[in-house]
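Just below is one structure, and these are the notes that go with it.
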Amino acid sequence: MMDRDSFFDEFSANMALWCDGGRDAGELARAAAVVMGREMPVISAVPDDVSMLWTWLEKTSARIYARFYLPARGARDMNVISELTGRINAAFKQGAHGAQIFMRAADLADFASEIGVVRDDLFFNRDLAIGLDISEVGPFDWGAVFNAVARLRARALVLVLARDAGDKSDFVGRVYAALRAADEIKCDLHFVLGNSPARIEQAVRLVRGMRPALAGGVRVFFRGGEDG
């Protein structure tokens, strides 16, 4: 949990909360209090926690995103897709404003094709966010990624630094390549960067410098919420 007031002062407009699963009611209440206290626009939570978070956040402007994970090659399995859409629909009925669906970059094109039949009905007045491990996307693959995201009419692309190997991660280079390919992107850019102030600063400053029109929609999810 980051406790750096000056850091939040500079990047507060871009911060969002990632609420880990397995929390009790008191912990969820404190997470909701952090969202309200810092006026965060989005909180990401496991589906089981959506209904309880909604009881505290119902009258706020914060949007609750339910978090889902597509298994490897699951985009080609209609049973997997059917189960996923059912779980997403249930989360919406419990108060979720959107769904984050995390998957392998290799499965994105198949997912965009398979979900297309139900996309408009399922996400009517709801947000869809697609999550990918940034390390799985090569410098020349971003065009295909943004094309698939556009076909899905996703509200956001969530770039995850699943494992930070320092300079070997080439994180800055990967974000740079993404932004170079983002001329026509219509969605917001979100990041999950493991609570690293350095990575958060790098991501936000790169977007502000290279694609200022996208800067207002940047959200960086940090884990925490128990103590604000």
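In the structure tokens, chains take the letters A, B, ... in the order shown, each chain's residues start at 1, and ligands count up from 1 in the order shown.
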Mind running range 31-75 of chain A against range 129-144 of chain A at 12 Å and telling me each contacting residue's nearest atom pair with the distance in Å (one decimal), counting only C-alpha atoms, chain and number ascending, as CSV?
residue,atom,partner,partner_atom,distance
A:Val42,CA,A:Ala129,CA,11.9
A:Ser44,CA,A:Ala129,CA,10.8
A:Ile64,CA,A:Ala129,CA,11.9
A:Tyr65,CA,A:Ala129,CA,8.7
A:Ala66,CA,A:Ala129,CA,9.9
A:Arg67,CA,A:Ala129,CA,9.4
A:Phe68,CA,A:Gly131,CA,9.4
A:Tyr69,CA,A:Gly131,CA,8.9
A:Leu70,CA,A:Gly131,CA,10.0
Residues from last step as file, all heavy atoms, as a PDB file, in the first residue's frame:
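result.pdb written:
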ATOM      1  N   VAL A  42     -12.910   4.656 -10.281  1.00  0.00           N
ATOM      2  CA  VAL A  42     -13.120   3.234 -10.570  1.00  0.00           C
ATOM      3  C   VAL A  42     -12.536   2.377  -9.453  1.00  0.00           C
ATOM      4  O   VAL A  42     -11.482   2.691  -8.905  1.00  0.00           O
ATOM      5  CB  VAL A  42     -12.452   2.819 -11.909  1.00  0.00           C
ATOM      6  CG1 VAL A  42     -12.699   1.339 -12.203  1.00  0.00           C
ATOM      7  CG2 VAL A  42     -12.949   3.669 -13.065  1.00  0.00           C
ATOM      8  N   SER A  44     -11.833  -1.902  -9.011  1.00  0.00           N
ATOM      9  CA  SER A  44     -11.868  -3.237  -9.611  1.00  0.00           C
ATOM     10  C   SER A  44     -11.982  -4.268  -8.495  1.00  0.00           C
ATOM     11  O   SER A  44     -11.216  -4.235  -7.528  1.00  0.00           O
ATOM     12  CB  SER A  44     -10.586  -3.492 -10.419  1.00  0.00           C
ATOM     13  OG  SER A  44     -10.509  -4.843 -10.836  1.00  0.00           O
ATOM     14  N   ILE A  64     -17.896   0.498 -10.396  1.00  0.00           N
ATOM     15  CA  ILE A  64     -17.390  -0.801  -9.948  1.00  0.00           C
ATOM     16  C   ILE A  64     -17.182  -1.687 -11.164  1.00  0.00           C
ATOM     17  O   ILE A  64     -18.123  -1.940 -11.926  1.00  0.00           O
ATOM     18  CB  ILE A  64     -18.372  -1.476  -8.978  1.00  0.00           C
ATOM     19  CG1 ILE A  64     -18.665  -0.568  -7.781  1.00  0.00           C
ATOM     20  CG2 ILE A  64     -17.820  -2.824  -8.516  1.00  0.00           C
ATOM     21  CD1 ILE A  64     -19.817  -1.069  -6.910  1.00  0.00           C
ATOM     22  N   TYR A  65     -15.957  -2.160 -11.338  1.00  0.00           N
ATOM     23  CA  TYR A  65     -15.656  -3.090 -12.419  1.00  0.00           C
ATOM     24  C   TYR A  65     -15.438  -4.480 -11.820  1.00  0.00           C
ATOM     25  O   TYR A  65     -14.584  -4.659 -10.935  1.00  0.00           O
ATOM     26  CB  TYR A  65     -14.382  -2.672 -13.165  1.00  0.00           C
ATOM     27  CG  TYR A  65     -14.558  -1.543 -14.149  1.00  0.00           C
ATOM     28  CD1 TYR A  65     -15.764  -0.862 -14.282  1.00  0.00           C
ATOM     29  CD2 TYR A  65     -13.505  -1.144 -14.961  1.00  0.00           C
ATOM     30  CE1 TYR A  65     -15.923   0.174 -15.189  1.00  0.00           C
ATOM     31  CE2 TYR A  65     -13.636  -0.096 -15.871  1.00  0.00           C
ATOM     32  CZ  TYR A  65     -14.859   0.553 -15.979  1.00  0.00           C
ATOM     33  OH  TYR A  65     -14.994   1.577 -16.878  1.00  0.00           O
ATOM     34  N   ALA A  66     -16.215  -5.439 -12.286  1.00  0.00           N
ATOM     35  CA  ALA A  66     -16.026  -6.832 -11.875  1.00  0.00           C
ATOM     36  C   ALA A  66     -14.917  -7.444 -12.730  1.00  0.00           C
ATOM     37  O   ALA A  66     -14.839  -7.199 -13.937  1.00  0.00           O
ATOM     38  CB  ALA A  66     -17.323  -7.615 -12.034  1.00  0.00           C
ATOM     39  N   ARG A  67     -14.087  -8.248 -12.102  1.00  0.00           N
ATOM     40  CA  ARG A  67     -12.872  -8.764 -12.719  1.00  0.00           C
ATOM     41  C   ARG A  67     -13.048 -10.234 -13.112  1.00  0.00           C
ATOM     42  O   ARG A  67     -13.446 -11.063 -12.289  1.00  0.00           O
ATOM     43  CB  ARG A  67     -11.734  -8.627 -11.710  1.00  0.00           C
ATOM     44  CG  ARG A  67     -10.386  -8.444 -12.275  1.00  0.00           C
ATOM     45  CD  ARG A  67      -9.432  -7.862 -11.256  1.00  0.00           C
ATOM     46  NE  ARG A  67      -9.318  -8.584  -9.998  1.00  0.00           N
ATOM     47  CZ  ARG A  67      -9.532  -8.020  -8.809  1.00  0.00           C
ATOM     48  NH1 ARG A  67      -9.892  -6.765  -8.704  1.00  0.00           N
ATOM     49  NH2 ARG A  67      -9.387  -8.733  -7.716  1.00  0.00           N
ATOM     50  N   PHE A  68     -12.713 -10.545 -14.368  1.00  0.00           N
ATOM     51  CA  PHE A  68     -12.846 -11.911 -14.873  1.00  0.00           C
ATOM     52  C   PHE A  68     -11.573 -12.304 -15.618  1.00  0.00           C
ATOM     53  O   PHE A  68     -10.873 -11.448 -16.165  1.00  0.00           O
ATOM     54  CB  PHE A  68     -14.047 -12.019 -15.823  1.00  0.00           C
ATOM     55  CG  PHE A  68     -15.362 -11.680 -15.186  1.00  0.00           C
ATOM     56  CD1 PHE A  68     -15.828 -10.370 -15.217  1.00  0.00           C
ATOM     57  CD2 PHE A  68     -16.119 -12.641 -14.539  1.00  0.00           C
ATOM     58  CE1 PHE A  68     -17.033 -10.030 -14.612  1.00  0.00           C
ATOM     59  CE2 PHE A  68     -17.322 -12.311 -13.939  1.00  0.00           C
ATOM     60  CZ  PHE A  68     -17.774 -11.006 -13.980  1.00  0.00           C
ATOM     61  N   TYR A  69     -11.321 -13.602 -15.644  1.00  0.00           N
ATOM     62  CA  TYR A  69     -10.129 -14.120 -16.315  1.00  0.00           C
ATOM     63  C   TYR A  69     -10.535 -15.205 -17.305  1.00  0.00           C
ATOM     64  O   TYR A  69     -11.190 -16.189 -16.928  1.00  0.00           O
ATOM     65  CB  TYR A  69      -9.138 -14.680 -15.292  1.00  0.00           C
ATOM     66  CG  TYR A  69      -8.592 -13.624 -14.361  1.00  0.00           C
ATOM     67  CD1 TYR A  69      -9.259 -13.303 -13.178  1.00  0.00           C
ATOM     68  CD2 TYR A  69      -7.435 -12.918 -14.673  1.00  0.00           C
ATOM     69  CE1 TYR A  69      -8.776 -12.309 -12.324  1.00  0.00           C
ATOM     70  CE2 TYR A  69      -6.941 -11.929 -13.833  1.00  0.00           C
ATOM     71  CZ  TYR A  69      -7.620 -11.637 -12.664  1.00  0.00           C
ATOM     72  OH  TYR A  69      -7.145 -10.653 -11.835  1.00  0.00           O
ATOM     73  N   LEU A  70     -10.154 -15.030 -18.546  1.00  0.00           N
ATOM     74  CA  LEU A  70     -10.432 -16.017 -19.578  1.00  0.00           C
ATOM     75  C   LEU A  70      -9.298 -17.036 -19.603  1.00  0.00           C
ATOM     76  O   LEU A  70      -8.131 -16.651 -19.737  1.00  0.00           O
ATOM     77  CB  LEU A  70     -10.535 -15.324 -20.943  1.00  0.00           C
ATOM     78  CG  LEU A  70     -10.935 -16.197 -22.126  1.00  0.00           C
ATOM     79  CD1 LEU A  70     -12.410 -16.567 -22.017  1.00  0.00           C
ATOM     80  CD2 LEU A  70     -10.664 -15.464 -23.438  1.00  0.00           C
TER      81      LEU A  70
END
Report as a list of chain:residue names: the residues of range 28-145 of chain A with a DSSP assignment of strand (DSSP E or B), based on the backbone of this structure.
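Put together, the selection reads A:Val42, A:Ile43, A:Ser44, A:Ala45, A:Arg63, A:Ile64, A:Tyr65, A:Ala66, A:Arg67, A:Phe68, A:Tyr69, A:Gly98, A:Ala99, A:Gln100, A:Ile101, A:Phe102, A:Asp127, A:Leu128, A:Ala129, A:Ile130, A:Gly131, A:Leu132, A:Asp133.
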Using only C-alpha atoms: which of A:Leu108, A:Pro71, A:His97, A:Arg76 has the shortest distance to Ala45 in chain A
A:His97
Non-local contacts of Val149 in chain A (8 Å; only C-alpha atoms; under 5 positions in same chain excluded) as JSON, numbers by chain:
{"A": [112, 130, 154, 157, 187]}
Contacts of Gly217 in chain A at 9 Å or less, counting only C-alpha atoms, minus same-chain residues fewer than 5 places along, as a PyMOL selection string?
chain A and resi 14+156+187-190
Nearest candidate to Ala90 in chain A (options A:Gly194, A:Gly74, A:Pro47, A:Gly116; using only C-alpha atoms):
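Of A:Gly194, A:Gly74, A:Pro47, A:Gly116, the one nearest Ala90 in chain A, counting only C-alpha atoms, is A:Pro47.
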Take CA of Ile115 in chain A and CA of Phe92 in chain A and report the distance between them in Å, one decimal.
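Answer for the CA of Ile115 in chain A to CA of Phe92 in chain A separation: 16.9 Å.
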Please provide as a PyMOL selection string all residues within 12 Å of Pro212 in chain A, with the sequence filter that same-chain residues fewer than 5 positions apart are discarded (counting only C-alpha atoms).
chain A and resi 179+182-183+188-189+204-207+217-218
Those residues with C-alpha atoms, as a PDB file, in the first residue's frame please?
ATOM      1  CA  LEU A 179       1.425   4.819 -27.738  1.00  0.00           C
ATOM      2  CA  ALA A 182      -2.437   4.534 -30.665  1.00  0.00           C
ATOM      3  CA  ASP A 183      -3.212   7.326 -33.145  1.00  0.00           C
ATOM      4  CA  ASP A 188      -9.001   4.681 -22.466  1.00  0.00           C
ATOM      5  CA  LEU A 189      -5.691   3.233 -21.300  1.00  0.00           C
ATOM      6  CA  VAL A 204       1.377   8.473 -16.810  1.00  0.00           C
ATOM      7  CA  ARG A 205       4.149  10.792 -17.979  1.00  0.00           C
ATOM      8  CA  LEU A 206       4.563   8.872 -21.243  1.00  0.00           C
ATOM      9  CA  VAL A 207       0.870   9.179 -22.022  1.00  0.00           C
ATOM     10  CA  GLY A 217      -8.723   8.692 -19.382  1.00  0.00           C
ATOM     11  CA  VAL A 218      -5.641   7.022 -17.897  1.00  0.00           C
TER      12      VAL A 218
END
